[in-house]
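Text of the file model_13.cif, holding mmCIF, C-alpha atoms:
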data_query
#
loop_
_atom_site.label_atom_id
_atom_site.label_comp_id
_atom_site.auth_asym_id
_atom_site.auth_seq_id
_atom_site.Cartn_x
_atom_site.Cartn_y
_atom_site.Cartn_z
CA MET V 1 26.16 -16.35 3.72
CA LYS V 2 22.74 -17.69 2.75
CA THR V 3 20.46 -16.19 0.13
CA LEU V 4 16.84 -15.11 0.62
CA PHE V 5 14.30 -14.43 -2.13
CA VAL V 6 11.04 -12.72 -1.19
CA LYS V 7 8.19 -12.38 -3.65
CA THR V 8 5.60 -9.80 -2.59
CA TYR V 9 1.99 -9.80 -3.69
CA GLY V 10 -0.56 -7.05 -3.17
CA CYS V 11 -0.52 -3.93 -1.06
CA GLN V 12 2.07 -1.51 0.28
CA MET V 13 1.74 -3.05 3.73
CA ASN V 14 2.94 -6.33 2.28
CA ALA V 15 5.93 -4.51 0.79
CA TYR V 16 6.69 -3.14 4.26
CA ASP V 17 6.31 -6.60 5.81
CA SER V 18 8.63 -8.14 3.21
CA ALA V 19 11.34 -5.61 4.00
CA ARG V 20 10.97 -6.31 7.72
CA MET V 21 11.22 -10.08 7.16
CA ALA V 22 14.51 -9.49 5.32
CA ASP V 23 15.74 -7.37 8.26
CA LEU V 24 14.64 -10.10 10.66
CA LEU V 25 16.63 -12.78 8.84
CA ALA V 26 19.76 -10.72 8.17
CA PRO V 27 21.31 -11.61 11.57
CA LEU V 28 20.92 -15.28 10.59
CA GLY V 29 23.21 -14.67 7.63
CA TYR V 30 20.61 -14.22 4.88
CA VAL V 31 21.27 -11.74 2.09
CA THR V 32 18.60 -10.91 -0.46
CA ALA V 33 18.63 -12.46 -3.91
CA GLU V 34 17.00 -11.19 -7.11
CA GLU V 35 15.83 -14.62 -8.28
CA PRO V 36 14.59 -17.77 -6.49
CA ASP V 37 16.59 -20.27 -8.56
CA ASN V 38 19.47 -20.87 -6.14
CA ALA V 39 18.06 -19.25 -3.02
CA ASP V 40 18.45 -21.00 0.32
CA MET V 41 15.11 -19.63 1.44
CA VAL V 42 12.09 -18.39 -0.52
CA ILE V 43 9.21 -16.47 1.05
CA LEU V 44 5.98 -15.82 -0.81
CA ASN V 45 4.36 -12.88 0.99
CA THR V 46 0.81 -13.25 -0.21
CA CYS V 47 -2.36 -11.19 -0.61
CA HIS V 48 -5.89 -12.59 -0.37
CA ILE V 49 -7.82 -9.52 -1.49
CA ARG V 50 -8.70 -10.76 -4.98
CA GLU V 51 -10.57 -13.80 -6.20
CA LYS V 52 -8.37 -16.80 -7.03
CA ALA V 53 -5.42 -15.25 -5.16
CA ALA V 54 -4.69 -18.58 -3.49
CA GLU V 55 -4.58 -20.41 -6.83
CA LYS V 56 -1.87 -18.05 -8.06
CA VAL V 57 0.15 -18.89 -4.96
CA TYR V 58 -0.26 -22.64 -5.51
CA SER V 59 0.87 -22.19 -9.12
CA GLU V 60 4.01 -20.41 -7.93
CA LEU V 61 4.62 -23.10 -5.32
CA GLY V 62 4.55 -25.74 -8.05
CA LYS V 63 7.45 -23.97 -9.77
CA LEU V 64 9.34 -23.62 -6.50
CA ARG V 65 8.90 -27.32 -5.75
CA ILE V 66 10.87 -28.11 -8.92
CA LEU V 67 13.67 -25.77 -7.84
CA LYS V 68 13.69 -27.27 -4.35
CA GLU V 69 13.96 -30.82 -5.72
CA ALA V 70 16.84 -29.78 -7.99
CA LYS V 71 18.72 -28.34 -5.01
CA ALA V 72 18.06 -31.50 -3.00
CA ARG V 73 19.59 -33.62 -5.76
CA ALA V 74 22.68 -31.43 -5.50
CA GLY V 75 22.82 -32.03 -1.75
CA GLU V 76 21.54 -28.56 -0.90
CA ARG V 77 18.43 -27.33 0.88
CA MET V 78 15.78 -24.76 0.03
CA THR V 79 13.33 -23.66 2.71
CA ILE V 80 9.98 -22.45 1.38
CA ALA V 81 7.68 -20.25 3.43
CA VAL V 82 4.24 -18.89 2.62
CA ALA V 83 3.49 -15.70 4.54
CA GLY V 84 0.77 -13.07 4.50
CA CYS V 85 -2.98 -13.19 4.11
CA VAL V 86 -3.29 -16.36 2.01
CA ALA V 87 -1.24 -18.12 4.69
CA GLN V 88 -3.62 -16.79 7.34
CA ALA V 89 -6.73 -17.83 5.39
CA GLU V 90 -5.57 -21.20 4.06
CA GLY V 91 -3.47 -22.46 6.98
CA GLU V 92 -2.90 -26.21 6.92
CA GLU V 93 -4.52 -26.48 3.49
CA ILE V 94 -1.31 -25.06 2.00
CA THR V 95 0.94 -27.81 3.37
CA ARG V 96 -1.69 -30.43 2.50
CA ARG V 97 -1.83 -29.31 -1.15
CA GLN V 98 1.87 -28.55 -1.55
CA GLY V 99 4.21 -30.69 0.49
CA ALA V 100 7.25 -28.65 -0.54
CA VAL V 101 6.17 -25.87 1.83
CA ASP V 102 8.08 -25.86 5.11
CA ILE V 103 6.59 -22.83 6.88
CA VAL V 104 3.15 -21.18 6.85
CA VAL V 105 3.07 -17.90 8.75
CA GLY V 106 0.31 -15.29 9.03
CA PRO V 107 0.93 -11.54 8.75
CA GLN V 108 0.87 -11.06 12.53
CA SER V 109 3.35 -13.85 13.29
CA TYR V 110 6.27 -13.36 10.93
CA HIS V 111 8.44 -12.04 13.77
CA ARG V 112 8.69 -15.72 14.79
CA LEU V 113 10.40 -16.72 11.53
CA PRO V 114 13.87 -17.32 13.06
CA GLU V 115 12.38 -19.73 15.58
CA MET V 116 10.31 -21.44 12.89
CA ILE V 117 13.33 -21.88 10.61
CA ALA V 118 15.25 -23.45 13.49
CA ARG V 119 12.37 -25.84 14.23
CA VAL V 120 12.24 -26.96 10.59
CA ALA V 121 16.03 -27.46 10.52
CA ARG V 122 15.98 -29.51 13.74
CA ALA V 123 12.92 -31.67 13.26
CA GLY V 124 11.85 -31.32 9.63
CA GLY V 125 8.18 -31.39 8.72
CA HIS V 126 6.01 -28.30 8.56
CA VAL V 127 5.59 -25.35 10.91
CA LEU V 128 2.35 -23.38 11.05
CA GLU V 129 1.85 -20.02 12.85
CA THR V 130 -1.37 -18.09 12.19
CA ASP V 131 -2.08 -16.31 15.47
CA PHE V 132 -2.88 -12.58 15.77
CA PRO V 133 -0.24 -11.23 18.21
CA ALA V 134 0.24 -7.83 16.54
CA ASP V 135 1.59 -6.30 19.75
CA ASP V 136 4.21 -9.05 20.08
CA LYS V 137 5.25 -8.68 16.46
CA PHE V 138 6.26 -5.03 16.56
CA ASP V 139 8.01 -5.44 19.90
CA ALA V 140 10.07 -8.30 18.50
CA LEU V 141 11.11 -6.80 15.17
CA PRO V 142 14.70 -5.52 14.99
CA ALA V 143 15.66 -2.00 14.02
CA GLN V 144 15.79 -1.54 10.27
CA THR V 145 19.28 -1.85 8.88
CA SER V 146 18.80 -1.62 5.13
CA ALA V 147 18.21 1.57 3.18
CA THR V 148 14.64 1.94 2.00
CA GLY V 149 15.16 4.71 -0.53
CA VAL V 150 14.08 8.31 -0.60
CA SER V 151 10.44 7.37 0.01
CA ALA V 152 9.69 4.82 2.74
CA PHE V 153 6.66 3.03 4.15
CA LEU V 154 5.95 2.75 7.86
CA THR V 155 3.11 0.61 9.22
CA VAL V 156 1.37 2.34 12.13
CA GLN V 157 -1.93 0.45 12.25
CA GLU V 158 -3.13 -3.00 11.25
CA GLY V 159 -6.43 -4.80 10.97
CA CYS V 160 -9.94 -3.46 10.56
CA ASP V 161 -13.17 -3.48 12.57
CA LYS V 162 -15.44 -2.20 9.80
CA PHE V 163 -16.37 -5.59 8.26
CA CYS V 164 -17.27 -4.40 4.77
CA THR V 165 -19.10 -7.33 3.22
CA PHE V 166 -16.67 -7.66 0.30
CA CYS V 167 -13.43 -7.54 2.31
CA VAL V 168 -11.28 -10.28 3.86
CA VAL V 169 -9.05 -7.97 5.92
CA PRO V 170 -10.82 -8.45 9.29
CA TYR V 171 -10.42 -12.21 8.84
CA THR V 172 -6.79 -12.23 7.70
CA ARG V 173 -5.33 -9.24 9.58
CA GLY V 174 -7.53 -9.31 12.67
CA ASN V 175 -8.96 -6.48 14.76
CA GLU V 176 -7.63 -2.94 14.60
CA PHE V 177 -4.31 -2.53 16.38
CA SER V 178 -2.33 0.71 16.66
CA ARG V 179 1.36 0.84 17.45
CA PRO V 180 2.52 3.11 20.31
CA VAL V 181 3.60 6.60 19.28
CA GLU V 182 7.09 6.24 20.71
CA GLN V 183 7.76 3.07 18.72
CA ILE V 184 6.68 4.77 15.49
CA VAL V 185 8.79 7.86 16.14
CA VAL V 186 11.90 5.73 16.74
CA GLU V 187 11.34 3.87 13.48
CA ALA V 188 10.64 7.08 11.56
CA ARG V 189 13.88 8.63 12.79
CA ARG V 190 15.72 5.48 11.78
CA LEU V 191 14.24 5.66 8.28
CA VAL V 192 15.40 9.27 7.96
CA GLU V 193 18.89 8.25 9.09
CA LEU V 194 18.85 5.64 6.30
CA GLY V 195 18.03 8.29 3.70
CA ALA V 196 14.24 8.65 3.65
CA ARG V 197 12.94 12.15 2.95
CA GLU V 198 9.31 11.07 2.67
CA ILE V 199 7.37 8.59 4.80
CA THR V 200 3.97 7.12 4.00
CA LEU V 201 2.13 5.88 7.07
CA LEU V 202 0.34 2.61 6.38
CA GLY V 203 -2.68 0.89 7.81
CA GLN V 204 -5.61 -1.14 6.59
CA ASN V 205 -7.66 1.63 8.19
CA VAL V 206 -4.91 4.10 8.93
CA ASN V 207 -7.05 7.04 10.02
CA ALA V 208 -8.50 4.87 12.80
CA TYR V 209 -5.03 5.06 14.41
CA SER V 210 -5.27 5.37 18.21
CA GLY V 211 -1.85 4.42 19.54
CA THR V 212 -0.86 5.39 23.06
CA GLY V 213 1.43 8.34 23.64
CA PRO V 214 4.34 8.57 26.09
CA ASP V 215 1.93 9.73 28.81
CA GLY V 216 -0.33 6.72 28.27
CA SER V 217 -3.15 8.67 26.64
CA ALA V 218 -4.78 7.54 23.39
CA GLY V 219 -3.53 9.29 20.32
CA SER V 220 -4.96 9.97 16.89
CA LEU V 221 -3.51 10.02 13.40
CA ALA V 222 -3.59 13.82 13.46
CA LYS V 223 -1.56 13.94 16.69
CA LEU V 224 0.90 11.42 15.28
CA LEU V 225 1.35 13.45 12.09
CA HIS V 226 2.05 16.58 14.12
CA ILE V 227 4.73 14.74 16.12
CA LEU V 228 6.37 13.21 13.05
CA SER V 229 6.37 16.55 11.24
CA GLY V 230 8.92 17.74 13.80
CA ILE V 231 11.55 15.15 12.82
CA GLU V 232 14.52 16.94 11.29
CA GLY V 233 15.19 15.81 7.72
CA LEU V 234 11.69 14.41 7.16
CA ALA V 235 10.36 16.63 4.40
CA ARG V 236 7.13 14.91 3.40
CA LEU V 237 4.35 12.90 5.04
CA ARG V 238 1.53 10.87 3.49
CA TYR V 239 -0.86 8.20 4.76
CA THR V 240 -3.01 5.44 3.28
CA THR V 241 -5.56 3.80 3.28
CA SER V 242 -8.37 5.78 4.88
CA HIS V 243 -12.02 5.18 5.66
CA PRO V 244 -14.50 8.07 5.31
CA ARG V 245 -15.94 7.34 8.76
CA ASP V 246 -12.60 8.16 10.39
CA MET V 247 -11.91 11.52 8.73
CA SER V 248 -12.05 13.37 12.04
CA ASP V 249 -12.04 17.13 12.52
CA ASP V 250 -8.46 17.14 13.81
CA LEU V 251 -7.25 15.07 10.85
CA ILE V 252 -8.91 17.42 8.37
CA ALA V 253 -7.32 20.35 10.22
CA ALA V 254 -3.93 18.62 9.98
CA HIS V 255 -4.13 18.92 6.19
CA ARG V 256 -4.43 22.67 6.68
CA ASP V 257 -1.82 23.06 9.42
CA ILE V 258 1.03 20.62 8.66
CA GLU V 259 3.22 21.89 5.85
CA SER V 260 4.94 18.55 5.28
CA LEU V 261 1.63 16.67 4.91
CA MET V 262 1.16 16.45 1.17
CA ALA V 263 -1.93 17.84 -0.56
CA TYR V 264 -3.00 14.39 -1.67
CA LEU V 265 -5.52 12.05 -0.06
CA HIS V 266 -6.64 8.55 -0.96
CA LEU V 267 -10.20 8.27 0.35
CA PRO V 268 -12.01 5.16 -0.93
CA VAL V 269 -15.77 5.43 -1.45
CA GLN V 270 -16.31 2.15 -3.40
CA SER V 271 -19.74 3.17 -4.79
CA GLY V 272 -21.92 6.22 -5.32
CA SER V 273 -25.15 4.35 -4.63
CA ASP V 274 -26.65 4.43 -1.15
CA THR V 275 -28.26 1.04 -1.82
CA VAL V 276 -24.90 -0.52 -2.68
CA LEU V 277 -23.07 1.28 0.13
CA ASP V 278 -25.58 -0.17 2.59
CA ALA V 279 -25.15 -3.66 1.11
CA MET V 280 -21.38 -3.22 1.42
CA ASN V 281 -21.77 -2.18 5.10
CA ARG V 282 -19.71 0.94 4.40
CA GLN V 283 -21.54 2.81 7.19
CA HIS V 284 -21.73 6.08 5.26
CA THR V 285 -23.88 7.49 2.46
CA ARG V 286 -22.86 9.26 -0.73
CA ASP V 287 -23.94 12.59 0.82
CA ASP V 288 -21.82 11.84 3.90
CA TYR V 289 -18.89 11.37 1.56
CA ARG V 290 -19.66 14.59 -0.32
CA ARG V 291 -19.77 16.55 2.94
CA ILE V 292 -16.44 15.08 4.08
CA VAL V 293 -14.81 16.06 0.79
CA GLU V 294 -16.24 19.57 1.09
CA ARG V 295 -14.76 19.96 4.57
CA ILE V 296 -11.38 18.67 3.39
CA ARG V 297 -11.33 21.05 0.43
CA ASN V 298 -12.32 23.97 2.65
CA ALA V 299 -9.33 23.15 4.86
CA ARG V 300 -6.93 22.49 1.97
CA PRO V 301 -8.24 23.92 -1.34
CA ASP V 302 -5.37 22.50 -3.42
CA ILE V 303 -5.83 18.92 -2.24
CA ALA V 304 -5.91 16.18 -4.87
CA LEU V 305 -8.20 13.23 -4.25
CA SER V 306 -7.87 9.56 -5.13
CA SER V 307 -10.35 6.76 -4.46
CA ASP V 308 -11.29 3.11 -4.91
CA PHE V 309 -14.35 1.86 -6.77
CA ILE V 310 -15.97 -1.56 -7.10
CA VAL V 311 -18.43 -2.03 -9.97
CA GLY V 312 -20.83 -4.92 -10.37
CA PHE V 313 -21.33 -5.51 -6.66
CA PRO V 314 -24.12 -8.08 -6.09
CA GLY V 315 -27.48 -6.44 -6.74
CA GLU V 316 -26.02 -3.30 -8.37
CA SER V 317 -28.61 -1.97 -10.82
CA ASP V 318 -28.13 0.34 -13.78
CA ALA V 319 -29.44 3.17 -11.58
CA ASP V 320 -26.93 2.30 -8.85
CA PHE V 321 -24.09 2.43 -11.34
CA ALA V 322 -25.40 5.75 -12.69
CA ASP V 323 -25.19 7.10 -9.12
CA THR V 324 -21.52 6.10 -9.00
CA MET V 325 -20.82 7.88 -12.28
CA ALA V 326 -22.63 10.97 -10.97
CA LEU V 327 -20.54 10.97 -7.77
CA VAL V 328 -17.31 10.72 -9.76
CA ARG V 329 -18.37 13.71 -11.88
CA ASP V 330 -19.32 15.69 -8.76
CA ILE V 331 -16.13 15.02 -6.82
CA GLY V 332 -13.45 14.91 -9.54
CA TYR V 333 -10.42 12.69 -8.93
CA THR V 334 -6.80 13.06 -9.89
CA GLN V 335 -6.49 9.29 -10.01
CA ALA V 336 -8.41 6.25 -8.80
CA PHE V 337 -8.35 2.48 -8.64
CA SER V 338 -11.38 0.66 -10.01
CA PHE V 339 -12.19 -3.03 -10.16
CA LYS V 340 -14.90 -5.44 -11.10
CA TYR V 341 -16.39 -7.07 -8.03
CA SER V 342 -14.88 -10.49 -7.42
CA LYS V 343 -15.76 -12.90 -4.65
CA ARG V 344 -13.47 -12.93 -1.64
CA PRO V 345 -13.75 -16.37 -0.02
CA GLY V 346 -15.60 -16.35 3.28
CA THR V 347 -17.05 -12.84 2.94
CA PRO V 348 -20.82 -12.22 3.16
CA ALA V 349 -21.00 -10.71 -0.32
CA SER V 350 -19.59 -13.87 -1.89
CA ALA V 351 -22.79 -15.72 -0.94
CA ALA V 352 -25.15 -12.90 -1.90
CA ARG V 353 -27.87 -13.42 -4.46
CA LYS V 354 -28.07 -11.35 -7.64
CA GLN V 355 -24.45 -11.75 -8.66
CA ILE V 356 -23.88 -9.50 -11.69
CA PRO V 357 -23.01 -11.13 -15.06
CA GLU V 358 -19.38 -10.77 -16.07
CA ASP V 359 -20.15 -8.94 -19.31
CA VAL V 360 -22.21 -6.33 -17.44
CA LYS V 361 -19.40 -5.81 -14.93
CA SER V 362 -16.87 -5.42 -17.73
CA ALA V 363 -18.99 -2.86 -19.59
CA ARG V 364 -19.54 -0.81 -16.43
CA LEU V 365 -15.86 -0.91 -15.53
CA GLN V 366 -14.87 0.27 -18.99
CA GLU V 367 -17.29 3.21 -18.75
CA LEU V 368 -16.10 4.17 -15.27
CA GLN V 369 -12.42 3.91 -16.14
CA ALA V 370 -12.91 6.09 -19.20
CA LEU V 371 -14.33 8.84 -16.98
CA LEU V 372 -11.61 8.43 -14.35
CA THR V 373 -8.89 8.51 -17.02
CA GLU V 374 -10.40 11.67 -18.49
CA GLN V 375 -10.32 13.32 -15.06
CA GLN V 376 -6.74 12.23 -14.42
CA ASN V 377 -5.59 13.54 -17.81
CA ARG V 378 -7.40 16.82 -17.23
CA PHE V 379 -5.70 17.28 -13.88
CA ASN V 380 -2.28 16.43 -15.30
CA ARG V 381 -2.77 18.91 -18.14
CA SER V 382 -3.73 21.58 -15.61
CA CYS V 383 -0.27 21.20 -14.06
CA ALA V 384 1.49 22.25 -17.30
CA GLY V 385 2.84 25.76 -16.85
CA ARG V 386 2.94 25.46 -13.06
CA THR V 387 6.03 25.19 -10.89
CA LEU V 388 5.84 22.28 -8.43
CA PRO V 389 8.23 21.05 -5.73
CA VAL V 390 9.51 17.63 -6.77
CA LEU V 391 11.24 15.08 -4.53
CA PHE V 392 13.71 13.22 -6.74
CA GLU V 393 13.66 9.48 -6.02
CA LYS V 394 15.65 7.61 -8.67
CA PRO V 395 17.50 7.88 -11.98
CA GLY V 396 15.41 8.03 -15.13
CA ARG V 397 15.78 5.93 -18.25
CA LYS V 398 17.78 8.58 -20.08
CA ALA V 399 21.33 9.53 -19.17
CA GLY V 400 21.33 12.41 -16.69
CA GLN V 401 17.59 12.16 -16.09
CA ALA V 402 15.94 11.78 -12.69
CA VAL V 403 12.39 10.87 -11.72
CA GLY V 404 10.63 12.35 -8.74
CA ARG V 405 7.17 12.87 -7.31
CA SER V 406 5.04 15.97 -7.15
CA PRO V 407 3.00 16.69 -4.02
CA TYR V 408 0.12 15.04 -5.89
CA LEU V 409 2.08 11.78 -6.30
CA GLN V 410 2.60 12.24 -10.04
CA PRO V 411 5.89 10.94 -11.49
CA VAL V 412 7.91 13.84 -12.89
CA HIS V 413 10.77 13.29 -15.37
CA VAL V 414 13.51 15.94 -15.42
CA ASP V 415 16.65 15.98 -17.55
CA GLY V 416 19.90 17.12 -15.97
CA ALA V 417 18.80 16.18 -12.45
CA ALA V 418 20.64 12.89 -11.93
CA ASP V 419 22.70 14.37 -9.09
CA LEU V 420 19.61 15.55 -7.18
CA ILE V 421 18.34 12.19 -5.87
CA GLY V 422 16.97 12.77 -2.37
CA GLU V 423 16.52 16.50 -2.88
CA ILE V 424 13.40 18.61 -3.36
CA ARG V 425 13.61 21.17 -6.13
CA ASP V 426 11.15 23.45 -7.85
CA VAL V 427 10.34 22.12 -11.30
CA ALA V 428 8.64 23.97 -14.13
CA ILE V 429 6.12 21.53 -15.61
CA LEU V 430 6.46 21.59 -19.38
CA GLU V 431 3.90 19.02 -20.45
CA ALA V 432 1.62 16.23 -19.27
CA GLN V 433 2.34 12.79 -20.65
CA SER V 434 0.13 9.69 -20.44
CA ASN V 435 0.94 8.76 -16.83
CA SER V 436 3.50 11.33 -15.79
CA LEU V 437 4.74 14.88 -16.15
CA LYS V 438 7.79 16.28 -17.92
CA GLY V 439 9.58 19.25 -16.44
CA ALA V 440 12.76 21.25 -16.16
CA LEU V 441 14.51 22.64 -13.13
CA ALA V 442 12.97 26.02 -12.41
CA ARG V 443 16.41 27.59 -12.07
CA ALA V 444 16.96 27.07 -15.80
CA LYS V 445 16.45 30.04 -18.12
CA PRO V 446 13.61 29.85 -20.65
CA ARG V 447 16.02 29.17 -23.55
CA GLU V 448 17.75 26.39 -21.59
CA MET V 449 14.38 24.89 -20.73
CA ALA V 450 13.41 24.84 -24.36
CA LEU V 451 16.67 23.17 -25.36
CA ALA V 452 16.18 20.56 -22.62
CA THR V 453 12.99 19.37 -24.29
#

Once more with this new file: its structure as structure tokens, please.
Amino acid sequence: MKTLFVKTYGCQMNAYDSARMADLLAPLGYVTAEEPDNADMVILNTCHIREKAAEKVYSELGKLRILKEAKARAGERMTIAVAGCVAQAEGEEITRRQGAVDIVVGPQSYHRLPEMIARVARAGGHVLETDFPADDKFDALPAQTSATGVSAFLTVQEGCDKFCTFCVVPYTRGNEFSRPVEQIVVEARRLVELGAREITLLGQNVNAYSGTGPDGSAGSLAKLLHILSGIEGLARLRYTTSHPRDMSDDLIAAHRDIESLMAYLHLPVQSGSDTVLDAMNRQHTRDDYRRIVERIRNARPDIALSSDFIVGFPGESDADFADTMALVRDIGYTQAFSFKYSKRPGTPASAARKQIPEDVKSARLQELQALLTEQQNRFNRSCAGRTLPVLFEKPGRKAGQAVGRSPYLQPVHVDGAADLIGEIRDVAILEAQSNSLKGALARAKPREMALAT
């Protein structure tokens, strides 16, 4: 047997890709390792979404080069591959700067890894694959063989055609591509057979999904969700990440009609300023976003919203930032991800004039995050005293404890639930903690619940 170490950077789609690469190499005799030190193969599955992402990869490659040289002195071989979006963006520059790298493979070409490994073994040198054959990739991937846990990810769509001026995805993942419905259903059923009770559908722009159905007609994310909701044993469905422009009427209705579709939606807005949204090429206004949220809440009143925000985008004025703060107050979020703008190489915004000083960006981010944290804490506190269905995912830190997720994606810690992994149980929420909830099984009597705390 040979050992494989995969280090994953960035998004959930990269986590999915890493798991599929491990599945792809298993028939070649590779078993996963926890550390790279003595691995026969190391894959860095990279993300290019943040500034200086490539430099972090080169730093890691410097450490791996030392490990590779040590193995060579012992008469052994380590194969090093760089995969993902940095591989797609940097290409031959990676092998030029770090000669220890054997394979550079983009996110749409990793299904060719077995062939690439064989080419390196036969002829030595470097192998580079950075094409965009998304359709070939999914056809070539083997059926999943390893358990993914109670909650699993399933990529249904890749790439993006929106071309937001701050984003590298269209350049590293290519145009939008949707997998056929039948292929997704087969994989979803396989995940359930392996123990998944919840599946999160993934895509760079997942609600733009338009995969073909068995009859050859174009589908939609709503249609796909309806089909997947009929799989026996699949208790929960989620999807991420969405674009406001693609929140169609049928998808909004799906939140009302599909019981297994959780009352939680991540809907990035990025800014509350129309001036900034236009500069970002988001193709919607703040009032468009407000109207979409209103329609969603009319369809599903208990829905919890999450979002993404970028502060300090080039040209953002104090008034623009105030508009963002006003939008956050108007909408109200259960959680959100917020970042200072950082240049993504090759994107239009990186060359824009009026770059915002770092201290201004930091001050704005601190103010925004304080408001978002206040909203998250308020929502968590509102859950105390309620009974929520919790899907238990893993053991907790304490003996006999289990940790699960509420419909709103909150971690919930429950004592005396260690034997309930994979099950959904009603939990009485006792208190809100900093980033999670504490509860007790609802079947417990009040006195037993009090003792459990």

For V:Pro407: contacts at 7 Å, all atoms listed in the file, fewer than 3 positions along chain excluded, given as a ChimeraX atom specification: /V:262-264

With a distance cut-off of 12 Å and all atoms listed in the file, select the neighbouring residues of V:Ala322, excluding the residue or stretch itself and same-chain residues fewer than 4 positions from it, and output the selection as a ChimeraX atom specification. /V:271-274,276,311-312,316-318,326-329,364-365,367-368

Residues returned when the PyMOL selection byres ((chain V and resi 16-33) around 7) runs on this file, as an MDAnalysis selection string: chainID V and resid 1:6 8 12:15 34:35 39 45 114 141:142 144:145 153:154

What would the file look like if the residues just selected were written as a PDB file, keeping the file's coordinate frame with C-alpha atoms?
ATOM      1  CA  MET V   1      26.160 -16.350   3.720  1.00  0.00           C
ATOM      2  CA  LYS V   2      22.740 -17.690   2.750  1.00  0.00           C
ATOM      3  CA  THR V   3      20.460 -16.190   0.130  1.00  0.00           C
ATOM      4  CA  LEU V   4      16.840 -15.110   0.620  1.00  0.00           C
ATOM      5  CA  PHE V   5      14.300 -14.430  -2.130  1.00  0.00           C
ATOM      6  CA  VAL V   6      11.040 -12.720  -1.190  1.00  0.00           C
ATOM      7  CA  THR V   8       5.600  -9.800  -2.590  1.00  0.00           C
ATOM      8  CA  GLN V  12       2.070  -1.510   0.280  1.00  0.00           C
ATOM      9  CA  MET V  13       1.740  -3.050   3.730  1.00  0.00           C
ATOM     10  CA  ASN V  14       2.940  -6.330   2.280  1.00  0.00           C
ATOM     11  CA  ALA V  15       5.930  -4.510   0.790  1.00  0.00           C
ATOM     12  CA  GLU V  34      17.000 -11.190  -7.110  1.00  0.00           C
ATOM     13  CA  GLU V  35      15.830 -14.620  -8.280  1.00  0.00           C
ATOM     14  CA  ALA V  39      18.060 -19.250  -3.020  1.00  0.00           C
ATOM     15  CA  ASN V  45       4.360 -12.880   0.990  1.00  0.00           C
ATOM     16  CA  PRO V 114      13.870 -17.320  13.060  1.00  0.00           C
ATOM     17  CA  LEU V 141      11.110  -6.800  15.170  1.00  0.00           C
ATOM     18  CA  PRO V 142      14.700  -5.520  14.990  1.00  0.00           C
ATOM     19  CA  GLN V 144      15.790  -1.540  10.270  1.00  0.00           C
ATOM     20  CA  THR V 145      19.280  -1.850   8.880  1.00  0.00           C
ATOM     21  CA  PHE V 153       6.660   3.030   4.150  1.00  0.00           C
ATOM     22  CA  LEU V 154       5.950   2.750   7.860  1.00  0.00           C
TER      23      LEU V 154
END

Which residues are near V:Val181? Cut-off 6 Å, only C-alpha atoms, ignore same chain within fewer than 3 positions. Put them as a ChimeraX atom specification. /V:184,211-213

How many Å separate atom CA of V:Gly400 from atom CA of V:Ala384?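 Answer for the atom CA of V:Gly400 to atom CA of V:Ala384 separation: 22.2 Å.
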
Atom CA of V:Phe339 to atom CA of V:Ala53, distance in Å rounded to a single decimal: 14.8 Å

Applying the PyMOL selection byres ((chain V and resi 244-257) around 7) to the file I just gave you, which residues come out? Please list them as a list in words. Asn207, Ala208, Leu221, Ala222, Ser242, His243, Ile258, Glu259, Leu261, Leu267, His284, Tyr289, Ile296, Ala299 and Arg300 of chain V

Care to translate the PyMOL selection byres ((chain V and resi 266) around 6) into actual residues of this file, as a PyMOL selection string? chain V and resi 265+267+305-307

Atom CA of V:Ala428 to atom CA of V:Arg378, distance in Å rounded to a single decimal: 17.8 Å

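With only C-alpha atoms as the atoms that count, the residue of V:Asn38, V:Ser151, V:Asn281, V:Thr46 with the shortest distance to V:Glu76 is V:Asn38.
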
Residues within 9 Å of V:Ala54, all atoms listed in the file, excluding chain neighbours under 6 positions, as a CSV table (one decimal) with C-alpha atoms, keeping the file's coordinate frame:
chain,number,residue,atom,x,y,z
V,46,THR,CA,0.8,-13.2,-0.2
V,47,CYS,CA,-2.4,-11.2,-0.6
V,48,HIS,CA,-5.9,-12.6,-0.4
V,86,VAL,CA,-3.3,-16.4,2.0
V,87,ALA,CA,-1.2,-18.1,4.7
V,90,GLU,CA,-5.6,-21.2,4.1

Close residues, V:Gln98 itself excluded, 12 Å, all atoms listed in the file, min 5 positions apart in chain, as a list of chain:residue names: V:Glu55, V:Val57, V:Tyr58, V:Ser59, V:Glu60, V:Leu61, V:Gly62, V:Lys63, V:Leu64, V:Arg65, V:Ile66, V:Ile80, V:Ala81, V:Val82, V:Glu90, V:Gly91, V:Glu92, V:Glu93, V:Ile103, V:Val104, V:His126

Measuring between all atoms listed in the file, which one of V:Val156, V:Val412, V:Val168, V:Ala70 shows the shortest distance to V:Asn205?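 Of all the options, V:Val156 lies closest to V:Asn205.
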
Nearest to V:Thr275: which of V:Asp320, V:Arg291, V:Ser260, V:Gly396 is it, counting only C-alpha atoms?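 Comparing V:Asp320, V:Arg291, V:Ser260, V:Gly396 against V:Thr275, the winner is V:Asp320.
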
When distances are computed from all atoms listed in the file, which of V:Met41, V:Cys383, V:Ile227, V:Ala123 shows the smallest separation from V:Pro214?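 Nearest to V:Pro214: V:Ile227.
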